[in-house]
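Student: Below you will find the structure I want to go over with you.
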Amino acid sequence: MVRRVVTRWRRGLSVRGGELAFAVLGLPLGVLGAVYAVAVLYAGALLSLTVLGLPFVAAALVGARGIGGLHRRLVGRLLGEPVTAPPPLPRPSGVLARGRVVLADPVAWRALLYLLPRLPLGLLGFLAAVGLPLSAVWLAGFPLWVRLLEPGPRPVDWLDVAGLPAGLAVLTAVPAALRGLSRANRALARGLLGPVRSQQRVRELENARATLLAESADRLRRLERDLHDGTQAQLVALAITLSLVDDLLGEPDGPGTHGPGTGGPGTHGPGTHGPGTRGSAADGSGTDGGHAPGRAHTSGPGRAGGPGDESGPDLGRLRALVDRARGQTDATIAGLRRLTRGIHPVALDAGLAEALPTLTATSPVPVTVRMDLRERPQEVIERAVYFCAAELLTNLAKHSGARTAELSASAVGGRVRLTVRDDGRGGAAIGHGAGTGLAGLAERLAAVDGVLRVDSPPGGPTVVSAELPSRL
């Protein structure tokens with residue numbers, strides 16, 4: 001508990017270097033941008049009645065697009081807010097067509113609008129980054145400054161006593177002020193420097209289509225590989241075992257077994273060994289004496305003569321083969337069940353209310369489940385939420401080092417929210433690895449208009465939340 005309080009206190013007093021640099025650069029950039037925007041609007045209004053008006057405005061909008069790109073890169077590099085770049089301008093043939101495209105470009109007009117509020121935000125950021133620390137130093141050292149400026153004896157008054165605490169209070173307010181202004185700058189950049197909503201929606205749909213196609217192809221490859229390497233191999237082994245059983249059942253019972261008529265006429269009949277060659281045919285003496293015509297060597301059809309012959313197949317070996325076949329059948333059935341669960345979890349037939357507790361029950365980390373499912377989402381949304389929860393719980397068990405976790409799900413007002421909290425070591429991030437980890441999960445959620453958010457400071461706790469529409 002104490003460590004968590006100390007961690008939060010340190011986070012409250014820490015300032016990212018990028019936020020500080022952006023605040024210092026904000027004033028000169030804000031002044032230049034505001035001057036440019038005002039000059040363009042003023043000059044464009046004056047020249048609008050002349051031939052130079054439209055060409056001037058078109059050139060100024062191209063410049064505003066470039067300035068917007070510069071600010072977008074600064075926001076991404078210093079504030080850690082990646083703003084999606086808008087699509088490039090189309091280049092139709094003809095000067096008039098190109099001028100019409102530039103004048104109707106919403107990205108350029110929004111970039112020009114962005115430059116106007118940047119001046120007050122830049123001024124406030126400069127004051128927070130430079131003015132407040134200088135004020136804190138002045139207040140903390142007020143007794144010293146006064147005595148340096150006014151030599152001679154001076155009694156201690158309340159200003160001398162209150163100077164140091166006031167300076168420290170102002171200094172501790174600097175990080176909060178910088179973070180608040182950084183949030184405002186991020187929101188302003190997201191709203192005005194990115195693509196317009198229609199362009200962004202088209203790009204999201206294109207990315208969602210590509211993600212779904214890639215995921216579908218990958219799932220089919222995994223299914224084919226599992227069937228080929230798992231189920232098919234198990235069925236082949238089962239077929240081999242059954243062939244061994246069949247061969248064992250079809251083996252002859254003894255080494256002297258012959259079929260009917262093996263020793264019949266023409267094999268050992270008269271003419272092969274005549275009487276008196278190596279014994280008498282009448283008394284049967286001799287090793288290979290003659291036989292009566294038509295008398296077989298066997299004592300019965302298909303059976304080996306002699307009192308010491310086996311009377312059936314090897315039952316121990318047969319029982320072992322049957323047991324092996326039964327085990328292979330069970331393994332094949334279990335593999336098919338795993339494959340069907342990967343295609344569509346049976347627990348989802350009753351909805352998330354039963355599927356999520358069943359999922360958390362298999363987690364090695366104790367998970368508390370809280371649900372507020374007032375409406376049942378669409379089937380495709382339920383599948384996305386289920387697999388999202390499964391992947392988050394898997395990551396939690398593998399990487400977090402958590403002792404306890406909590407999973408909460410709600411479906412209220414047309415929105416589905418899934419949140420997984422844990423008390424692990426923290427440090428999780430979405431990153432930029434396409435198709436893998438949290439980045440891949442965020443891409444798959446985006447395919448159904450979902451958003452994944454991760455809050456995982458070093459030392460924990462980690463909170464991962466997903467929000468989706470109930471219906472597409």
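Each chain in the structure tokens gets a letter, A, B and so on, in the order shown; residues start at 1 in every chain, and ligands are counted from 1 in the order they appear.
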Would you return as a ChimeraX atom specification the members of segment 364-412 of chain A that DSSP assigns to strand (DSSP E) on this structure's backbone?
Tutor: /A:367-373,405-412
Student: Using all heavy atoms, can you export the residues from the last selection as an mmCIF file, in the first residue's frame?
Tutor:
data_model
loop_
_atom_site.group_PDB
_atom_site.id
_atom_site.type_symbol
_atom_site.label_atom_id
_atom_site.label_comp_id
_atom_site.auth_asym_id
_atom_site.auth_seq_id
_atom_site.Cartn_x
_atom_site.Cartn_y
_atom_site.Cartn_z
ATOM 1 N N VAL A 367 -9.676 -14.896 -10.501
ATOM 2 C CA VAL A 367 -10.329 -13.772 -11.194
ATOM 3 C C VAL A 367 -11.721 -13.574 -10.609
ATOM 4 O O VAL A 367 -12.518 -14.516 -10.541
ATOM 5 C CB VAL A 367 -10.422 -14.031 -12.708
ATOM 6 C CG1 VAL A 367 -11.079 -12.840 -13.405
ATOM 7 C CG2 VAL A 367 -9.038 -14.285 -13.302
ATOM 8 N N THR A 368 -11.993 -12.336 -10.200
ATOM 9 C CA THR A 368 -13.330 -11.955 -9.747
ATOM 10 C C THR A 368 -14.121 -11.432 -10.934
ATOM 11 O O THR A 368 -13.618 -10.587 -11.699
ATOM 12 C CB THR A 368 -13.252 -10.879 -8.656
ATOM 13 O OG1 THR A 368 -12.446 -11.356 -7.578
ATOM 14 C CG2 THR A 368 -14.634 -10.519 -8.149
ATOM 15 N N VAL A 369 -15.334 -11.900 -11.112
ATOM 16 C CA VAL A 369 -16.159 -11.541 -12.261
ATOM 17 C C VAL A 369 -17.290 -10.627 -11.809
ATOM 18 O O VAL A 369 -18.002 -10.932 -10.842
ATOM 19 C CB VAL A 369 -16.727 -12.797 -12.953
ATOM 20 C CG1 VAL A 369 -17.548 -12.404 -14.179
ATOM 21 C CG2 VAL A 369 -15.597 -13.734 -13.351
ATOM 22 N N ARG A 370 -17.433 -9.504 -12.501
ATOM 23 C CA ARG A 370 -18.549 -8.577 -12.256
ATOM 24 C C ARG A 370 -19.207 -8.303 -13.607
ATOM 25 O O ARG A 370 -18.522 -7.877 -14.548
ATOM 26 C CB ARG A 370 -18.058 -7.273 -11.627
ATOM 27 C CG ARG A 370 -17.279 -7.473 -10.324
ATOM 28 C CD ARG A 370 -16.833 -6.137 -9.752
ATOM 29 N NE ARG A 370 -15.955 -6.307 -8.613
ATOM 30 C CZ ARG A 370 -16.350 -6.549 -7.379
ATOM 31 N NH1 ARG A 370 -17.654 -6.648 -7.127
ATOM 32 N NH2 ARG A 370 -15.474 -6.695 -6.398
ATOM 33 N N MET A 371 -20.517 -8.506 -13.673
ATOM 34 C CA MET A 371 -21.213 -8.347 -14.946
ATOM 35 C C MET A 371 -22.491 -7.542 -14.772
ATOM 36 O O MET A 371 -23.184 -7.676 -13.756
ATOM 37 C CB MET A 371 -21.529 -9.711 -15.560
ATOM 38 C CG MET A 371 -20.304 -10.458 -16.067
ATOM 39 S SD MET A 371 -20.720 -11.958 -16.973
ATOM 40 C CE MET A 371 -21.415 -12.933 -15.639
ATOM 41 N N ASP A 372 -22.768 -6.726 -15.768
ATOM 42 C CA ASP A 372 -24.002 -5.944 -15.828
ATOM 43 C C ASP A 372 -24.499 -6.006 -17.270
ATOM 44 O O ASP A 372 -24.364 -5.059 -18.037
ATOM 45 C CB ASP A 372 -23.750 -4.502 -15.378
ATOM 46 C CG ASP A 372 -25.028 -3.671 -15.375
ATOM 47 O OD1 ASP A 372 -26.126 -4.270 -15.384
ATOM 48 O OD2 ASP A 372 -24.929 -2.421 -15.387
ATOM 49 N N LEU A 373 -25.044 -7.150 -17.649
ATOM 50 C CA LEU A 373 -25.444 -7.404 -19.039
ATOM 51 C C LEU A 373 -26.954 -7.221 -19.150
ATOM 52 O O LEU A 373 -27.727 -8.174 -19.005
ATOM 53 C CB LEU A 373 -25.025 -8.811 -19.460
ATOM 54 C CG LEU A 373 -23.520 -9.119 -19.331
ATOM 55 C CD1 LEU A 373 -23.249 -10.584 -19.637
ATOM 56 C CD2 LEU A 373 -22.715 -8.216 -20.247
ATOM 57 N N ALA A 405 -6.972 -10.835 -9.985
ATOM 58 C CA ALA A 405 -7.438 -10.059 -11.133
ATOM 59 C C ALA A 405 -8.949 -9.894 -11.032
ATOM 60 O O ALA A 405 -9.620 -10.600 -10.263
ATOM 61 C CB ALA A 405 -7.054 -10.726 -12.444
ATOM 62 N N GLU A 406 -9.448 -8.974 -11.811
ATOM 63 C CA GLU A 406 -10.896 -8.723 -11.846
ATOM 64 C C GLU A 406 -11.316 -8.500 -13.283
ATOM 65 O O GLU A 406 -10.669 -7.766 -14.031
ATOM 66 C CB GLU A 406 -11.253 -7.501 -11.005
ATOM 67 C CG GLU A 406 -12.728 -7.132 -11.063
ATOM 68 C CD GLU A 406 -13.043 -5.862 -10.282
ATOM 69 O OE1 GLU A 406 -12.828 -5.887 -9.070
ATOM 70 O OE2 GLU A 406 -13.470 -4.868 -10.895
ATOM 71 N N LEU A 407 -12.379 -9.163 -13.683
ATOM 72 C CA LEU A 407 -12.951 -8.998 -15.014
ATOM 73 C C LEU A 407 -14.360 -8.456 -14.865
ATOM 74 O O LEU A 407 -15.179 -9.052 -14.153
ATOM 75 C CB LEU A 407 -12.966 -10.329 -15.764
ATOM 76 C CG LEU A 407 -13.467 -10.296 -17.209
ATOM 77 C CD1 LEU A 407 -12.706 -11.316 -18.054
ATOM 78 C CD2 LEU A 407 -14.973 -10.586 -17.302
ATOM 79 N N SER A 408 -14.620 -7.325 -15.501
ATOM 80 C CA SER A 408 -15.965 -6.729 -15.461
ATOM 81 C C SER A 408 -16.450 -6.537 -16.884
ATOM 82 O O SER A 408 -15.687 -6.141 -17.771
ATOM 83 C CB SER A 408 -15.949 -5.393 -14.718
ATOM 84 O OG SER A 408 -15.070 -4.479 -15.332
ATOM 85 N N ALA A 409 -17.718 -6.840 -17.094
ATOM 86 C CA ALA A 409 -18.337 -6.711 -18.403
ATOM 87 C C ALA A 409 -19.706 -6.078 -18.240
ATOM 88 O O ALA A 409 -20.447 -6.407 -17.310
ATOM 89 C CB ALA A 409 -18.460 -8.066 -19.088
ATOM 90 N N SER A 410 -20.023 -5.172 -19.155
ATOM 91 C CA SER A 410 -21.334 -4.520 -19.124
ATOM 92 C C SER A 410 -21.832 -4.347 -20.552
ATOM 93 O O SER A 410 -21.044 -4.179 -21.483
ATOM 94 C CB SER A 410 -21.247 -3.155 -18.426
ATOM 95 O OG SER A 410 -20.435 -2.265 -19.162
ATOM 96 N N ALA A 411 -23.117 -4.412 -20.708
ATOM 97 C CA ALA A 411 -23.777 -4.172 -21.984
ATOM 98 C C ALA A 411 -24.985 -3.286 -21.697
ATOM 99 O O ALA A 411 -26.062 -3.764 -21.346
ATOM 100 C CB ALA A 411 -24.194 -5.482 -22.643
ATOM 101 N N VAL A 412 -24.770 -1.989 -21.837
ATOM 102 C CA VAL A 412 -25.784 -1.006 -21.477
ATOM 103 C C VAL A 412 -25.790 0.092 -22.538
ATOM 104 O O VAL A 412 -24.719 0.554 -22.973
ATOM 105 C CB VAL A 412 -25.503 -0.389 -20.086
ATOM 106 C CG1 VAL A 412 -26.581 0.619 -19.716
ATOM 107 C CG2 VAL A 412 -25.402 -1.464 -19.021
#
Student: Given only C-alpha atoms as the basis, pick out the residue of A:Phe126, A:Thr50, A:Tyr386, A:Pro55 nearest to Val24 of chain A.
Tutor: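 That would be A:Phe126, the residue with the smallest distance to Val24 of chain A.
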Student: Calculate how many Å separate atom CA of Arg222 of chain A from atom CA of Leu235 of chain A, rounding to one decimal.
Tutor: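 Distance between the two atoms: 18.5 Å.
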Student: Just want the 10 Å neighbourhood of Gly68 of chain A, counted on only C-alpha atoms, with same-chain residues fewer than 2 positions away dropped. Output as number ranges by chain.
Tutor: A: 33, 62-66, 70-74, 85, 107-115, 189, 192-194
Student: Choose the residue, out of A:Pro86, A:Pro364, A:Gly351, A:Gly450, that has the smallest atom-to-atom separation from Gln200 of chain A; count only C-alpha atoms.
Tutor: A:Pro86
Student: Excluding Asp160 of chain A and residues on its chain fewer than 2 positions from it, collect all residues at most 9 Å away from it, counting only C-alpha atoms, and give them as a list in words.
Tutor: Ala140, Gly141, Phe142, Pro143, Leu144, Val156, Asp157, Trp158, Ala162, Gly163 and Leu164 of chain A
Student: Of the candidates A:Gly460, A:Gly53, A:Gly18, A:Gly30, which one gets nearest to Arg118 of chain A if we count only C-alpha atoms?
Tutor: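 For Arg118 of chain A, the nearest of the given residues is A:Gly30.
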Student: For segment 166-176 of chain A, find every residue with an atom within 10 Å (counting only C-alpha atoms), except residues of its own chain fewer than 5 positions away, and show them as a PDB file with N, CA and C atoms, in the first residue's frame.
Tutor:
ATOM      1  N   ARG A  11       4.586   9.736  -9.714  1.00  0.00           N
ATOM      2  CA  ARG A  11       3.970   9.985 -11.028  1.00  0.00           C
ATOM      3  C   ARG A  11       3.342  11.364 -11.088  1.00  0.00           C
ATOM      4  N   GLY A  12       2.752  11.811  -9.976  1.00  0.00           N
ATOM      5  CA  GLY A  12       2.137  13.136  -9.964  1.00  0.00           C
ATOM      6  C   GLY A  12       3.143  14.263 -10.099  1.00  0.00           C
ATOM      7  N   LEU A  13       4.378  14.050  -9.631  1.00  0.00           N
ATOM      8  CA  LEU A  13       5.394  15.104  -9.711  1.00  0.00           C
ATOM      9  C   LEU A  13       6.310  14.973 -10.919  1.00  0.00           C
ATOM     10  N   SER A  14       6.161  13.909 -11.690  1.00  0.00           N
ATOM     11  CA  SER A  14       7.047  13.713 -12.842  1.00  0.00           C
ATOM     12  C   SER A  14       6.499  14.425 -14.073  1.00  0.00           C
ATOM     13  N   VAL A  15       7.414  14.842 -14.917  1.00  0.00           N
ATOM     14  CA  VAL A  15       7.066  15.522 -16.171  1.00  0.00           C
ATOM     15  C   VAL A  15       7.891  14.896 -17.286  1.00  0.00           C
ATOM     16  N   ARG A  16       7.244  14.541 -18.357  1.00  0.00           N
ATOM     17  CA  ARG A  16       7.970  14.022 -19.507  1.00  0.00           C
ATOM     18  C   ARG A  16       8.767  15.134 -20.171  1.00  0.00           C
ATOM     19  N   GLU A  19       6.906  16.786 -23.091  1.00  0.00           N
ATOM     20  CA  GLU A  19       5.891  17.766 -22.724  1.00  0.00           C
ATOM     21  C   GLU A  19       6.528  19.109 -22.372  1.00  0.00           C
ATOM     22  N   LEU A  20       7.657  19.056 -21.674  1.00  0.00           N
ATOM     23  CA  LEU A  20       8.357  20.298 -21.329  1.00  0.00           C
ATOM     24  C   LEU A  20       8.871  21.000 -22.578  1.00  0.00           C
ATOM     25  N   LEU A 127       4.253  29.839 -19.986  1.00  0.00           N
ATOM     26  CA  LEU A 127       4.162  30.324 -18.606  1.00  0.00           C
ATOM     27  C   LEU A 127       4.289  29.172 -17.611  1.00  0.00           C
ATOM     28  N   ALA A 128       3.663  28.007 -17.945  1.00  0.00           N
ATOM     29  CA  ALA A 128       3.744  26.870 -17.034  1.00  0.00           C
ATOM     30  C   ALA A 128       5.152  26.282 -16.990  1.00  0.00           C
ATOM     31  N   ALA A 129       5.845  26.289 -18.141  1.00  0.00           N
ATOM     32  CA  ALA A 129       7.163  25.661 -18.192  1.00  0.00           C
ATOM     33  C   ALA A 129       8.273  26.583 -17.713  1.00  0.00           C
ATOM     34  N   VAL A 130       8.103  27.883 -17.906  1.00  0.00           N
ATOM     35  CA  VAL A 130       9.175  28.829 -17.567  1.00  0.00           C
ATOM     36  C   VAL A 130       8.737  29.776 -16.447  1.00  0.00           C
ATOM     37  N   GLY A 131       7.544  30.336 -16.575  1.00  0.00           N
ATOM     38  CA  GLY A 131       7.108  31.346 -15.613  1.00  0.00           C
ATOM     39  C   GLY A 131       6.888  30.793 -14.214  1.00  0.00           C
ATOM     40  N   LEU A 132       6.201  29.648 -14.116  1.00  0.00           N
ATOM     41  CA  LEU A 132       5.934  29.097 -12.787  1.00  0.00           C
ATOM     42  C   LEU A 132       7.205  28.666 -12.052  1.00  0.00           C
ATOM     43  N   PRO A 133       8.158  27.979 -12.693  1.00  0.00           N
ATOM     44  CA  PRO A 133       9.398  27.660 -11.964  1.00  0.00           C
ATOM     45  C   PRO A 133      10.160  28.900 -11.501  1.00  0.00           C
ATOM     46  N   LEU A 134      10.212  29.952 -12.354  1.00  0.00           N
ATOM     47  CA  LEU A 134      10.892  31.188 -11.926  1.00  0.00           C
ATOM     48  C   LEU A 134      10.157  31.831 -10.752  1.00  0.00           C
ATOM     49  N   SER A 135       8.820  31.804 -10.799  1.00  0.00           N
ATOM     50  CA  SER A 135       8.054  32.357  -9.673  1.00  0.00           C
ATOM     51  C   SER A 135       8.299  31.564  -8.397  1.00  0.00           C
ATOM     52  N   ALA A 136       8.397  30.230  -8.543  1.00  0.00           N
ATOM     53  CA  ALA A 136       8.658  29.404  -7.364  1.00  0.00           C
ATOM     54  C   ALA A 136      10.026  29.728  -6.759  1.00  0.00           C
ATOM     55  N   VAL A 137      11.024  29.915  -7.628  1.00  0.00           N
ATOM     56  CA  VAL A 137      12.362  30.269  -7.124  1.00  0.00           C
ATOM     57  C   VAL A 137      12.332  31.632  -6.442  1.00  0.00           C
ATOM     58  N   TRP A 138      11.610  32.597  -6.989  1.00  0.00           N
ATOM     59  CA  TRP A 138      11.522  33.938  -6.389  1.00  0.00           C
ATOM     60  C   TRP A 138      10.843  33.882  -5.020  1.00  0.00           C
ATOM     61  N   LEU A 139       9.735  33.120  -4.952  1.00  0.00           N
ATOM     62  CA  LEU A 139       9.026  33.036  -3.675  1.00  0.00           C
ATOM     63  C   LEU A 139       9.841  32.294  -2.622  1.00  0.00           C
ATOM     64  N   ALA A 140      10.478  31.199  -3.020  1.00  0.00           N
ATOM     65  CA  ALA A 140      11.246  30.432  -2.049  1.00  0.00           C
ATOM     66  C   ALA A 140      12.434  31.230  -1.506  1.00  0.00           C
ATOM     67  N   GLY A 141      13.030  32.050  -2.366  1.00  0.00           N
ATOM     68  CA  GLY A 141      14.177  32.842  -1.925  1.00  0.00           C
ATOM     69  C   GLY A 141      13.841  34.284  -1.616  1.00  0.00           C
ATOM     70  N   PHE A 142      12.564  34.558  -1.343  1.00  0.00           N
ATOM     71  CA  PHE A 142      12.150  35.944  -1.106  1.00  0.00           C
ATOM     72  C   PHE A 142      12.924  36.615   0.034  1.00  0.00           C
ATOM     73  N   LEU A 159       5.936  37.422   5.437  1.00  0.00           N
ATOM     74  CA  LEU A 159       6.350  37.124   4.066  1.00  0.00           C
ATOM     75  C   LEU A 159       7.599  36.250   4.044  1.00  0.00           C
ATOM     76  N   VAL A 161       8.367  34.059   6.249  1.00  0.00           N
ATOM     77  CA  VAL A 161       7.993  32.709   6.675  1.00  0.00           C
ATOM     78  C   VAL A 161       7.203  31.982   5.595  1.00  0.00           C
ATOM     79  N   LEU A 181      -2.155  21.025 -19.941  1.00  0.00           N
ATOM     80  CA  LEU A 181      -1.978  21.689 -21.231  1.00  0.00           C
ATOM     81  C   LEU A 181      -1.608  20.689 -22.320  1.00  0.00           C
ATOM     82  N   SER A 182      -0.840  19.670 -21.975  1.00  0.00           N
ATOM     83  CA  SER A 182      -0.499  18.641 -22.967  1.00  0.00           C
ATOM     84  C   SER A 182      -1.748  17.896 -23.413  1.00  0.00           C
TER      85      SER A 182
END
